[in-house]
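The next block holds one structure in the form of structure tokens; read it before the comments.
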Amino acid sequence: MLLLELLLVKEGVIITTRKVLLTGDRPSGQLHLGHYVGSLKNRLQLQDSGDYDCFVLIADVQALTDNFDNPQKVRDNVYEVALDYLAVGLDPTRTTICIQSLMPALPELTVYYLNLVTVARLQRNPTTKTEIAQKGFKASIPAGFLCYPVSQAADITFCKAHVVPVGEDQLPHLEQTREIVRSFNSIYGEVLVEPEALIPSSAGSRRLPGITGTDSKMSKSLGNGIYLADDKDTLWERIRQMYTDPGHLRVEDPGQIEGNVVFTYLDVFGTDTAYIAQLKEHYQRGGLGDMKVKKYLFEVLDAELAPIRERRLEHAKDPGAVLEMLREGTKAANEVANATLREVRAAMKIDYFG
């Protein structure tokens with residue numbers, strides 16, 4: 001059963017008795033642990049709760065804003081991200097998984113929303129400013145990149161999402177959507193839904209640091225991640241390279257756990273809190289080597305990732321089924337998006353032929 005069967009579209013208006021959830025990812029690479037703890041685990045809990053109509057968007061148009069010269073990378077990763085979704089447990093019978101570029105209503109909504117936001121407002125977005133600096137755009141900022149928070153507003157509002165699970169760094173983008181919704185509803189009438197953010201409870205989950213310790217968060221573009229698709233050997237190699245305490249030169253030396261990426265990960269992923277507390281105390285007084293702590297972290301992460309890895313390999317045996325899932329999900333999402341677009345056009349008095 002597709003999610004669309006859980007929604008009613010009557011006379012061009014979406015009617016649902018449950019809250020709607022929208023989230024997604026840019027297919028610029030495989031998904032990593034930052035995505036997993038920052039959003040994917042929340043998505044699974046919300047999907048399995050049965051309280052939400054869930055949409056997950058593979059945002060390939062947004063990925064092209066800074067990969068416009070390498071479309072093959074984006075194309076390949078649409079499939080890779082879909083595999084990651086299935087591997088973590090997203091169920092296409094309960095969650096509609098759709099591809100952004102195959103939904104014509106989204107760019108049309110984006111054009112209308114662009115009239116409701118200024119260039120100065122887009123330039124003030126702190127997340128956009130950080131990404132511009134990271135990518136070295138300087139004054140040569142692609143217009144599509146600067147405006148993609150507006151495109152994101154179209155993504156969120158096409159299904160009238162009430163809840164958007166996001167990482168902490170995405171909150172400015174969600175606030176941009178909320179402003180656009182308020183402006184639209186103020187001018188044209190109450191059509192759109194103002195979404196709320198759902199963020200992880202722990203600080204580490206909200207912004208999981210990269211393995212190098214030099215970056216504020218794990219990022220595909222910075223190449224500092226542990227990926228859901230990593231095999232055991234790759235997982236160990238990434239953990240082995242993890243940043244710890246540069247002053248902990250000898251085993252007997254006291255070590256710092258603050259800013260130590262290995263302990264940050266143990267706080268997020270470990271379940272034996274008593275043992276982790278013992279490790280911290282031992283490390284701080286001296287006599288505990290980094291490699292022993294890393295080997296324990298490997299055991300913790302491998303236990304978490306092994307079933308995900310196995311499911312991913314199983315789904316990868318039938319790429320045709322993965323693509324068919326995307327086709328059906330996008331078809332269902334298009335019907336919902338088109339219903340919202342009809343409401344928007346009517347509110348803006350541009351539904352000329354009824």
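Each chain of the structure tokens is named A, B, ... in the order shown, its residues numbered from 1; ligands are numbered from 1 in display order.
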### Message
Applying 12 Å and only C-alpha atoms, which residues near Arg182 (chain A) remain after dropping the ones on its own chain fewer than 4 positions away? List them as a list in words.
### Response
Tyr113, Leu116, Val117, Ala153, Thr157, Glu175, Gln176, Thr177, Arg178, Ser186, Ile187, Tyr188, Gly189, Glu190, Val191, Leu192, Val193, Glu194 and Pro195 of chain A
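Among the residues of region 72-178 of chain A, backbone DSSP assigns strand (DSSP E or B) to A:Thr95, A:Thr96, A:Ile97, A:Cys98, A:Ile99, A:Val163, A:Val164, A:Pro165.
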Could those selected residues go to a file with N, CA and C atoms, as a CSV table (one decimal), in the first residue's frame?
chain,number,residue,atom,x,y,z
A,95,THR,N,6.4,4.8,4.2
A,95,THR,CA,7.1,6.1,3.9
A,95,THR,C,7.2,6.3,2.4
A,96,THR,N,6.7,7.4,1.9
A,96,THR,CA,6.8,7.7,0.5
A,96,THR,C,8.2,8.3,0.2
A,97,ILE,N,9.0,7.6,-0.6
A,97,ILE,CA,10.4,8.0,-0.9
A,97,ILE,C,10.3,8.5,-2.4
A,98,CYS,N,10.7,9.8,-2.6
A,98,CYS,CA,10.5,10.4,-3.9
A,98,CYS,C,11.7,11.2,-4.4
A,99,ILE,N,11.8,11.4,-5.7
A,99,ILE,CA,12.9,12.1,-6.3
A,99,ILE,C,12.5,13.6,-6.6
A,163,VAL,N,5.9,18.5,10.5
A,163,VAL,CA,7.1,18.2,11.3
A,163,VAL,C,8.3,17.9,10.3
A,164,VAL,N,9.5,18.5,10.6
A,164,VAL,CA,10.6,18.3,9.7
A,164,VAL,C,11.8,17.9,10.6
A,165,PRO,N,12.2,16.6,10.6
A,165,PRO,CA,13.4,16.2,11.4
A,165,PRO,C,14.6,16.8,10.8
### Query
When DSSP works through the backbone of this structure, what residues of region 79-179 of chain A end up as alpha helix (DSSP H), shown as an MDAnalysis selection string?
chainID A and resid 79:88 105:114 119:124 126:135 143:146 148:157 171:179
### Query
Leaving out Ser151 (chain A) and any residue of its chain fewer than 5 positions from it, which residues lie within 10 Å of it when counting only C-alpha atoms, given as a ChimeraX atom specification?
/A:59,61-62,106-111,113-114,144-145,156,177
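Reported to one decimal place, the separation of CA of Lys220 (chain A) from CA of Leu31 (chain A) is 7.8 Å.
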### Query
Which of these, A:Gly50, A:Gly289, A:Pro104, A:Gly38, has the shortest distance to Glu252 (chain A) once you count only C-alpha atoms?
A:Gly289
### Query
Quick one: distance from CA of Val74 (chain A) to CA of Asp60 (chain A) in Å, one decimal?
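Going from CA of Val74 (chain A) over to CA of Asp60 (chain A), I get 6.4 Å.
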